[in-house]
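File shown: upload_23.pdb. Contents: PDB, N, CA and C atoms.
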```pdb
ATOM      1  N   MET A 159     -42.535  18.105  40.186
ATOM      2  CA  MET A 159     -43.365  16.988  40.589
ATOM      3  C   MET A 159     -43.280  16.838  42.101
ATOM      4  N   HIS A 160     -44.395  16.492  42.647
ATOM      5  CA  HIS A 160     -44.460  16.318  44.094
ATOM      6  C   HIS A 160     -44.691  14.869  44.424
ATOM      7  N   ASP A 161     -44.120  14.476  45.505
ATOM      8  CA  ASP A 161     -44.356  13.128  45.995
ATOM      9  C   ASP A 161     -45.773  13.089  46.552
ATOM     10  N   GLN A 162     -46.613  12.250  46.075
ATOM     11  CA  GLN A 162     -48.018  12.252  46.463
ATOM     12  C   GLN A 162     -48.227  11.718  47.877
ATOM     13  N   GLY A 163     -47.301  10.971  48.369
ATOM     14  CA  GLY A 163     -47.466  10.418  49.716
ATOM     15  C   GLY A 163     -47.277  11.458  50.801
ATOM     16  N   THR A 164     -46.283  12.342  50.687
ATOM     17  CA  THR A 164     -45.983  13.295  51.754
ATOM     18  C   THR A 164     -46.339  14.712  51.372
ATOM     19  N   GLY A 165     -46.517  14.992  50.087
ATOM     20  CA  GLY A 165     -46.824  16.336  49.652
ATOM     21  C   GLY A 165     -45.584  17.195  49.514
ATOM     22  N   ALA A 166     -44.426  16.655  49.809
ATOM     23  CA  ALA A 166     -43.176  17.412  49.709
ATOM     24  C   ALA A 166     -42.550  17.169  48.347
ATOM     25  N   PRO A 167     -41.793  18.158  47.822
ATOM     26  CA  PRO A 167     -41.102  17.945  46.547
ATOM     27  C   PRO A 167     -40.059  16.844  46.682
ATOM     28  N   PRO A 168     -39.762  16.137  45.564
ATOM     29  CA  PRO A 168     -38.765  15.066  45.640
ATOM     30  C   PRO A 168     -37.383  15.634  45.953
ATOM     31  N   ALA A 169     -36.595  14.793  46.516
ATOM     32  CA  ALA A 169     -35.244  15.203  46.881
ATOM     33  C   ALA A 169     -34.432  15.445  45.613
ATOM     34  N   PRO A 170     -33.461  16.368  45.617
ATOM     35  CA  PRO A 170     -32.661  16.658  44.434
ATOM     36  C   PRO A 170     -31.957  15.439  43.872
ATOM     37  N   ASP A 171     -31.534  14.506  44.703
ATOM     38  CA  ASP A 171     -30.852  13.312  44.200
ATOM     39  C   ASP A 171     -31.807  12.482  43.339
ATOM     40  N   ASN A 172     -33.046  12.375  43.763
ATOM     41  CA  ASN A 172     -34.023  11.598  42.998
ATOM     42  C   ASN A 172     -34.324  12.270  41.658
ATOM     43  N   VAL A 173     -34.380  13.595  41.618
ATOM     44  CA  VAL A 173     -34.653  14.309  40.381
ATOM     45  C   VAL A 173     -33.508  14.107  39.400
ATOM     46  N   GLU A 174     -32.298  14.226  39.857
ATOM     47  CA  GLU A 174     -31.138  14.033  38.976
ATOM     48  C   GLU A 174     -31.075  12.596  38.470
ATOM     49  N   GLU A 175     -31.382  11.654  39.347
ATOM     50  CA  GLU A 175     -31.376  10.252  38.931
ATOM     51  C   GLU A 175     -32.474  10.008  37.896
ATOM     52  N   TRP A 176     -33.653  10.572  38.103
ATOM     53  CA  TRP A 176     -34.762  10.427  37.175
ATOM     54  C   TRP A 176     -34.416  11.040  35.822
ATOM     55  N   GLN A 177     -33.819  12.231  35.845
ATOM     56  CA  GLN A 177     -33.430  12.888  34.604
ATOM     57  C   GLN A 177     -32.376  12.067  33.858
ATOM     58  N   THR A 178     -31.451  11.518  34.591
ATOM     59  CA  THR A 178     -30.404  10.691  33.976
ATOM     60  C   THR A 178     -31.012   9.443  33.340
ATOM     61  N   ARG A 179     -31.963   8.814  34.030
ATOM     62  CA  ARG A 179     -32.598   7.621  33.472
ATOM     63  C   ARG A 179     -33.397   7.945  32.206
ATOM     64  N   VAL A 180     -34.092   9.080  32.210
ATOM     65  CA  VAL A 180     -34.869   9.473  31.036
ATOM     66  C   VAL A 180     -33.938   9.765  29.863
ATOM     67  N   VAL A 181     -32.857  10.494  30.124
ATOM     68  CA  VAL A 181     -31.899  10.812  29.061
ATOM     69  C   VAL A 181     -31.272   9.528  28.522
ATOM     70  N   ASP A 182     -30.906   8.604  29.394
ATOM     71  CA  ASP A 182     -30.333   7.329  28.943
ATOM     72  C   ASP A 182     -31.340   6.528  28.126
ATOM     73  N   MET A 183     -32.620   6.551  28.546
ATOM     74  CA  MET A 183     -33.641   5.817  27.814
ATOM     75  C   MET A 183     -33.840   6.424  26.422
ATOM     76  N   VAL A 184     -33.878   7.743  26.329
ATOM     77  CA  VAL A 184     -34.032   8.402  25.033
ATOM     78  C   VAL A 184     -32.829   8.091  24.148
ATOM     79  N   GLU A 185     -31.641   8.128  24.719
ATOM     80  CA  GLU A 185     -30.437   7.819  23.944
ATOM     81  C   GLU A 185     -30.465   6.377  23.456
ATOM     82  N   ASP A 186     -30.917   5.446  24.292
ATOM     83  CA  ASP A 186     -31.009   4.045  23.871
ATOM     84  C   ASP A 186     -32.007   3.872  22.730
ATOM     85  N   VAL A 187     -33.150   4.558  22.814
ATOM     86  CA  VAL A 187     -34.154   4.459  21.752
ATOM     87  C   VAL A 187     -33.614   5.030  20.450
ATOM     88  N   VAL A 188     -32.956   6.174  20.527
ATOM     89  CA  VAL A 188     -32.403   6.796  19.321
ATOM     90  C   VAL A 188     -31.306   5.919  18.725
ATOM     91  N   THR A 189     -30.442   5.377  19.554
ATOM     92  CA  THR A 189     -29.355   4.511  19.075
ATOM     93  C   THR A 189     -29.913   3.243  18.436
ATOM     94  N   THR A 190     -30.907   2.638  19.085
ATOM     95  CA  THR A 190     -31.507   1.422  18.541
ATOM     96  C   THR A 190     -32.195   1.705  17.206
ATOM     97  N   THR A 191     -32.920   2.814  17.141
ATOM     98  CA  THR A 191     -33.595   3.188  15.891
ATOM     99  C   THR A 191     -32.575   3.418  14.784
ATOM    100  N   HIS A 192     -31.500   4.094  15.115
ATOM    101  CA  HIS A 192     -30.460   4.356  14.115
ATOM    102  C   HIS A 192     -29.829   3.059  13.639
ATOM    103  N   ASP A 193     -29.507   2.168  14.560
ATOM    104  CA  ASP A 193     -28.827   0.926  14.182
ATOM    105  C   ASP A 193     -29.729  -0.023  13.399
ATOM    106  N   ARG A 194     -31.014  -0.061  13.726
ATOM    107  CA  ARG A 194     -31.900  -1.030  13.079
ATOM    108  C   ARG A 194     -32.537  -0.525  11.799
ATOM    109  N   PHE A 195     -32.775   0.778  11.705
ATOM    110  CA  PHE A 195     -33.524   1.289  10.555
ATOM    111  C   PHE A 195     -32.734   2.258   9.697
ATOM    112  N   ILE A 196     -32.101   3.210  10.316
ATOM    113  CA  ILE A 196     -31.444   4.273   9.564
ATOM    114  C   ILE A 196     -30.180   3.764   8.878
ATOM    115  N   ARG A 197     -29.349   3.033   9.589
ATOM    116  CA  ARG A 197     -28.095   2.542   8.995
ATOM    117  C   ARG A 197     -28.329   1.653   7.784
ATOM    118  N   PRO A 198     -29.264   0.670   7.825
ATOM    119  CA  PRO A 198     -29.530  -0.115   6.611
ATOM    120  C   PRO A 198     -30.058   0.740   5.455
ATOM    121  N   LEU A 199     -30.886   1.736   5.751
ATOM    122  CA  LEU A 199     -31.369   2.618   4.687
ATOM    123  C   LEU A 199     -30.223   3.404   4.055
ATOM    124  N   ILE A 200     -29.282   3.828   4.879
ATOM    125  CA  ILE A 200     -28.125   4.557   4.356
ATOM    126  C   ILE A 200     -27.300   3.646   3.462
ATOM    127  N   VAL A 201     -27.084   2.412   3.886
ATOM    128  CA  VAL A 201     -26.293   1.465   3.091
ATOM    129  C   VAL A 201     -26.983   1.180   1.755
ATOM    130  N   VAL A 202     -28.290   0.967   1.778
ATOM    131  CA  VAL A 202     -29.030   0.693   0.547
ATOM    132  C   VAL A 202     -28.998   1.904  -0.379
ATOM    133  N   SER A 203     -29.201   3.089   0.176
ATOM    134  CA  SER A 203     -29.200   4.285  -0.675
ATOM    135  C   SER A 203     -27.819   4.540  -1.270
ATOM    136  N   ARG A 204     -26.776   4.288  -0.513
ATOM    137  CA  ARG A 204     -25.420   4.420  -1.074
ATOM    138  C   ARG A 204     -25.206   3.434  -2.205
ATOM    139  N   GLY A 205     -25.661   2.202  -2.017
ATOM    140  CA  GLY A 205     -25.539   1.203  -3.083
ATOM    141  C   GLY A 205     -26.275   1.610  -4.341
ATOM    142  N   ILE A 206     -27.476   2.155  -4.177
ATOM    143  CA  ILE A 206     -28.248   2.595  -5.341
ATOM    144  C   ILE A 206     -27.543   3.740  -6.052
ATOM    145  N   VAL A 207     -27.075   4.722  -5.278
ATOM    146  CA  VAL A 207     -26.409   5.881  -5.882
ATOM    147  C   VAL A 207     -25.130   5.460  -6.593
ATOM    148  N   PHE A 208     -24.305   4.650  -5.938
ATOM    149  CA  PHE A 208     -23.059   4.221  -6.576
ATOM    150  C   PHE A 208     -23.336   3.327  -7.776
ATOM    151  N   GLY A 209     -24.380   2.506  -7.715
ATOM    152  CA  GLY A 209     -24.747   1.679  -8.860
ATOM    153  C   GLY A 209     -25.159   2.520 -10.058
ATOM    154  N   ILE A 210     -25.926   3.571  -9.800
ATOM    155  CA  ILE A 210     -26.328   4.463 -10.887
ATOM    156  C   ILE A 210     -25.111   5.167 -11.473
ATOM    157  N   LEU A 211     -24.208   5.613 -10.619
ATOM    158  CA  LEU A 211     -22.995   6.281 -11.115
ATOM    159  C   LEU A 211     -22.138   5.336 -11.954
ATOM    160  N   VAL A 212     -21.956   4.120 -11.489
ATOM    161  CA  VAL A 212     -21.148   3.149 -12.240
ATOM    162  C   VAL A 212     -21.818   2.822 -13.573
ATOM    163  N   ALA A 213     -23.138   2.650 -13.568
ATOM    164  CA  ALA A 213     -23.849   2.357 -14.818
ATOM    165  C   ALA A 213     -23.735   3.524 -15.795
ATOM    166  N   ALA A 214     -23.841   4.749 -15.301
ATOM    167  CA  ALA A 214     -23.731   5.921 -16.177
ATOM    168  C   ALA A 214     -22.325   6.025 -16.760
ATOM    169  N   MET A 215     -21.315   5.799 -15.924
ATOM    170  CA  MET A 215     -19.937   5.864 -16.432
ATOM    171  C   MET A 215     -19.660   4.740 -17.425
ATOM    172  N   ALA A 216     -20.192   3.550 -17.165
ATOM    173  CA  ALA A 216     -20.003   2.442 -18.103
ATOM    174  C   ALA A 216     -20.677   2.744 -19.439
ATOM    175  N   LEU A 217     -21.846   3.351 -19.393
ATOM    176  CA  LEU A 217     -22.529   3.718 -20.624
ATOM    177  C   LEU A 217     -21.732   4.751 -21.416
ATOM    178  N   VAL A 218     -21.180   5.731 -20.741
ATOM    179  CA  VAL A 218     -20.359   6.750 -21.416
ATOM    180  C   VAL A 218     -19.121   6.106 -22.033
ATOM    181  N   VAL A 219     -18.470   5.224 -21.296
ATOM    182  CA  VAL A 219     -17.271   4.552 -21.816
ATOM    183  C   VAL A 219     -17.633   3.687 -23.026
ATOM    184  N   LEU A 220     -18.759   2.989 -22.958
ATOM    185  CA  LEU A 220     -19.182   2.159 -24.089
ATOM    186  C   LEU A 220     -19.454   3.010 -25.325
ATOM    187  N   ILE A 221     -20.125   4.121 -25.144
ATOM    188  CA  ILE A 221     -20.410   5.001 -26.281
ATOM    189  C   ILE A 221     -19.123   5.569 -26.861
ATOM    190  N   LEU A 222     -18.223   6.021 -26.008
ATOM    191  CA  LEU A 222     -16.946   6.550 -26.504
ATOM    192  C   LEU A 222     -16.126   5.478 -27.208
ATOM    193  N   PHE A 223     -16.172   4.253 -26.710
ATOM    194  CA  PHE A 223     -15.463   3.154 -27.364
ATOM    195  C   PHE A 223     -16.045   2.895 -28.756
ATOM    196  N   CYS A 224     -17.361   2.894 -28.865
ATOM    197  CA  CYS A 224     -17.993   2.680 -30.177
ATOM    198  C   CYS A 224     -17.634   3.796 -31.151
ATOM    199  N   VAL A 225     -17.631   5.020 -30.666
ATOM    200  CA  VAL A 225     -17.253   6.143 -31.524
ATOM    201  C   VAL A 225     -15.800   6.012 -31.960
ATOM    202  N   ALA A 226     -14.918   5.605 -31.033
ATOM    203  CA  ALA A 226     -13.507   5.454 -31.374
ATOM    204  C   ALA A 226     -13.302   4.339 -32.401
ATOM    205  N   VAL A 227     -14.019   3.222 -32.242
ATOM    206  CA  VAL A 227     -13.886   2.119 -33.201
ATOM    207  C   VAL A 227     -14.403   2.548 -34.570
ATOM    208  N   LEU A 228     -15.537   3.244 -34.593
ATOM    209  CA  LEU A 228     -16.074   3.724 -35.857
ATOM    210  C   LEU A 228     -15.103   4.690 -36.519
ATOM    211  N   ARG A 229     -14.540   5.571 -35.740
ATOM    212  CA  ARG A 229     -13.577   6.538 -36.286
ATOM    213  C   ARG A 229     -12.325   5.823 -36.819
ATOM    214  N   PHE A 230     -11.847   4.822 -36.067
ATOM    215  CA  PHE A 230     -10.683   4.048 -36.512
ATOM    216  C   PHE A 230     -10.977   3.351 -37.838
ATOM    217  N   PHE A 231     -12.150   2.701 -37.935
ATOM    218  CA  PHE A 231     -12.519   2.033 -39.180
ATOM    219  C   PHE A 231     -12.614   3.022 -40.336
ATOM    220  N   ASP A 232     -13.202   4.179 -40.066
ATOM    221  CA  ASP A 232     -13.416   5.166 -41.119
ATOM    222  C   ASP A 232     -12.099   5.765 -41.602
ATOM    223  N   VAL A 233     -11.154   5.995 -40.700
ATOM    224  CA  VAL A 233      -9.901   6.659 -41.086
ATOM    225  C   VAL A 233      -8.876   5.662 -41.621
ATOM    226  N   TYR A 234      -8.731   4.507 -40.975
ATOM    227  CA  TYR A 234      -7.623   3.618 -41.327
ATOM    228  C   TYR A 234      -8.029   2.415 -42.189
ATOM    229  N   LEU A 235      -9.173   1.806 -41.930
ATOM    230  CA  LEU A 235      -9.538   0.610 -42.690
ATOM    231  C   LEU A 235     -10.292   0.932 -43.981
ATOM    232  N   PHE A 236     -11.257   1.838 -43.900
ATOM    233  CA  PHE A 236     -12.081   2.170 -45.063
ATOM    234  C   PHE A 236     -12.100   3.684 -45.259
ATOM    235  N   PRO A 237     -10.989   4.278 -45.682
ATOM    236  CA  PRO A 237     -10.991   5.739 -45.824
ATOM    237  C   PRO A 237     -11.983   6.193 -46.883
ATOM    238  N   GLY A 238     -12.831   7.151 -46.488
ATOM    239  CA  GLY A 238     -13.795   7.704 -47.419
ATOM    240  C   GLY A 238     -15.048   6.867 -47.593
ATOM    241  N   ARG A 239     -15.137   5.722 -46.953
ATOM    242  CA  ARG A 239     -16.314   4.851 -47.082
ATOM    243  C   ARG A 239     -16.929   4.624 -45.689
ATOM    244  N   VAL A 240     -17.686   5.594 -45.247
ATOM    245  CA  VAL A 240     -18.292   5.500 -43.923
ATOM    246  C   VAL A 240     -19.287   4.349 -43.869
ATOM    247  N   TRP A 241     -19.956   4.086 -44.977
ATOM    248  CA  TRP A 241     -20.944   3.015 -45.009
ATOM    249  C   TRP A 241     -20.324   1.669 -44.678
ATOM    250  N   ALA A 242     -19.066   1.450 -45.095
ATOM    251  CA  ALA A 242     -18.396   0.184 -44.806
ATOM    252  C   ALA A 242     -18.105   0.069 -43.306
ATOM    253  N   SER A 243     -17.715   1.175 -42.691
ATOM    254  CA  SER A 243     -17.470   1.163 -41.243
ATOM    255  C   SER A 243     -18.753   0.833 -40.493
ATOM    256  N   TYR A 244     -19.871   1.474 -40.915
ATOM    257  CA  TYR A 244     -21.147   1.180 -40.288
ATOM    258  C   TYR A 244     -21.557  -0.271 -40.514
ATOM    259  N   ALA A 245     -21.296  -0.795 -41.680
ATOM    260  CA  ALA A 245     -21.647  -2.181 -41.981
ATOM    261  C   ALA A 245     -20.868  -3.151 -41.104
ATOM    262  N   VAL A 246     -19.567  -2.914 -40.940
ATOM    263  CA  VAL A 246     -18.751  -3.800 -40.101
ATOM    264  C   VAL A 246     -19.230  -3.752 -38.658
ATOM    265  N   LEU A 247     -19.466  -2.543 -38.148
ATOM    266  CA  LEU A 247     -19.962  -2.438 -36.769
ATOM    267  C   LEU A 247     -21.346  -3.058 -36.630
ATOM    268  N   GLY A 248     -22.206  -2.881 -37.613
ATOM    269  CA  GLY A 248     -23.533  -3.487 -37.574
ATOM    270  C   GLY A 248     -23.460  -5.003 -37.542
ATOM    271  N   ILE A 249     -22.591  -5.557 -38.375
ATOM    272  CA  ILE A 249     -22.411  -7.012 -38.379
ATOM    273  C   ILE A 249     -21.858  -7.483 -37.037
ATOM    274  N   LEU A 250     -20.907  -6.762 -36.490
ATOM    275  CA  LEU A 250     -20.318  -7.122 -35.193
ATOM    276  C   LEU A 250     -21.370  -7.088 -34.082
ATOM    277  N   PHE A 251     -22.147  -6.002 -34.005
ATOM    278  CA  PHE A 251     -23.175  -5.900 -32.976
ATOM    279  C   PHE A 251     -24.272  -6.934 -33.169
ATOM    280  N   THR A 252     -24.624  -7.228 -34.405
ATOM    281  CA  THR A 252     -25.628  -8.256 -34.675
ATOM    282  C   THR A 252     -25.125  -9.623 -34.239
ATOM    283  N   ALA A 253     -23.869  -9.929 -34.502
ATOM    284  CA  ALA A 253     -23.299 -11.212 -34.088
ATOM    285  C   ALA A 253     -23.287 -11.331 -32.563
ATOM    286  N   VAL A 254     -22.914 -10.265 -31.877
ATOM    287  CA  VAL A 254     -22.912 -10.291 -30.408
ATOM    288  C   VAL A 254     -24.339 -10.462 -29.887
ATOM    289  N   GLY A 255     -25.297  -9.783 -30.499
ATOM    290  CA  GLY A 255     -26.690  -9.924 -30.088
ATOM    291  C   GLY A 255     -27.228 -11.323 -30.308
ATOM    292  N   ILE A 256     -26.899 -11.918 -31.450
ATOM    293  CA  ILE A 256     -27.350 -13.286 -31.725
ATOM    294  C   ILE A 256     -26.724 -14.257 -30.743
ATOM    295  N   LEU A 257     -25.453 -14.074 -30.419
ATOM    296  CA  LEU A 257     -24.788 -14.932 -29.435
ATOM    297  C   LEU A 257     -25.446 -14.793 -28.072
ATOM    298  N   ALA A 258     -25.711 -13.567 -27.638
ATOM    299  CA  ALA A 258     -26.363 -13.358 -26.344
ATOM    300  C   ALA A 258     -27.780 -13.936 -26.347
ATOM    301  N   TRP A 259     -28.504 -13.799 -27.458
ATOM    302  CA  TRP A 259     -29.862 -14.320 -27.550
ATOM    303  C   TRP A 259     -29.862 -15.843 -27.482
ATOM    304  N   SER A 260     -28.847 -16.472 -28.081
ATOM    305  CA  SER A 260     -28.797 -17.938 -28.072
ATOM    306  C   SER A 260     -28.438 -18.478 -26.690
ATOM    307  N   LYS A 261     -27.796 -17.687 -25.850
ATOM    308  CA  LYS A 261     -27.396 -18.133 -24.511
ATOM    309  C   LYS A 261     -28.483 -17.900 -23.462
ATOM    310  N   ARG A 262     -29.562 -17.231 -23.818
ATOM    311  CA  ARG A 262     -30.594 -16.921 -22.849
ATOM    312  C   ARG A 262     -31.385 -18.168 -22.488
ATOM    313  N   ARG A 263     -32.015 -18.114 -21.311
ATOM    314  CA  ARG A 263     -32.875 -19.176 -20.856
ATOM    315  C   ARG A 263     -34.155 -18.565 -20.323
ATOM    316  N   PRO A 264     -35.249 -19.275 -20.435
ATOM    317  CA  PRO A 264     -36.473 -18.786 -19.782
ATOM    318  C   PRO A 264     -36.267 -18.738 -18.273
ATOM    319  N   SER A 265     -37.003 -17.902 -17.579
ATOM    320  CA  SER A 265     -36.774 -17.703 -16.151
ATOM    321  C   SER A 265     -37.032 -18.962 -15.330
ATOM    322  N   GLY A 266     -37.933 -19.826 -15.742
ATOM    323  CA  GLY A 266     -38.227 -21.045 -14.977
ATOM    324  C   GLY A 266     -37.382 -22.236 -15.372
ATOM    325  N   ASP A 267     -36.550 -22.124 -16.397
ATOM    326  CA  ASP A 267     -35.759 -23.244 -16.897
ATOM    327  C   ASP A 267     -34.555 -23.464 -15.984
ATOM    328  N   THR A 268     -34.350 -24.700 -15.543
ATOM    329  CA  THR A 268     -33.217 -25.027 -14.690
ATOM    330  C   THR A 268     -32.058 -25.587 -15.473
ATOM    331  N   GLY A 269     -32.229 -25.803 -16.743
ATOM    332  CA  GLY A 269     -31.155 -26.311 -17.579
ATOM    333  C   GLY A 269     -31.200 -27.811 -17.758
ATOM    334  N   ALA A 270     -32.104 -28.508 -17.052
ATOM    335  CA  ALA A 270     -32.213 -29.959 -17.198
ATOM    336  C   ALA A 270     -33.036 -30.290 -18.436
ATOM    337  N   PRO A 271     -32.630 -31.326 -19.184
ATOM    338  CA  PRO A 271     -33.374 -31.692 -20.400
ATOM    339  C   PRO A 271     -34.715 -32.316 -20.118
TER     340      PRO A 271
END
```
Rewrite the structure from the file as structure tokens, please.
Amino acid sequence: MHDQGTGAPPAPDNVEEWQTRVVDMVEDVVTTTHDRFIRPLIVVSRGIVFGILVAAMALVVLILFCVAVLRFFDVYLFPGRVWASYAVLGILFTAVGILAWSKRRPSGDTGAP
């Protein structure tokens, strides 16, 4: 770049200062963009991923627990009568479902009579 007033090239000190200012400005823009947009996206995506992992592990544990309870009922409480084990678990799950259903509220209900 040439100085338009004199037609002479800019002094080396001015070029280095200009380059330093441009590099600092680019670094500030990148840092600001990272802090305002990228970091929150990373935090949200980590939360989603960890939430999915926890939900999947909880589902596996719940299924294994149900299988273990059914197996316990079949072997120790009702040997040879699988239908009785299924009936007890069915009654238990139905009771839990009815209890949860009775505790529900419509989304707009504040609980006031």
Query - Non-local contacts of Tyr244 (chain A) (8 Å; all atoms listed in the file; under 4 positions in same chain excluded) as a PyMOL selection string - result: chain A and resi 228+231-232+239-240+248-250
Query raised in the report: Between A:Ala216, A:Ile200, A:Val180, A:Cys224, which one has atoms that come closest to Phe251 (chain A), using only C-alpha atoms?
Result: A:Cys224
Requested in this report: Write out as a count of residues only all residues of chain A that DSSP puts in helix (DSSP H, G or I) for this structure's backbone.
Outcome: 88
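You will find CA of Phe208 (chain A) at 19.9 Å from CA of Ile221 (chain A).
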Report task. Quick one: pull the distance between CA of Arg229 (chain A) and CA of Ala242 (chain A), Å, one decimal. Result ->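 Pair CA of Arg229 (chain A) / CA of Ala242 (chain A) returns 11.7 Å.
Interatomic distance, CA of Val246 (chain A) against CA of Ala258 (chain A): 18.4 Å.
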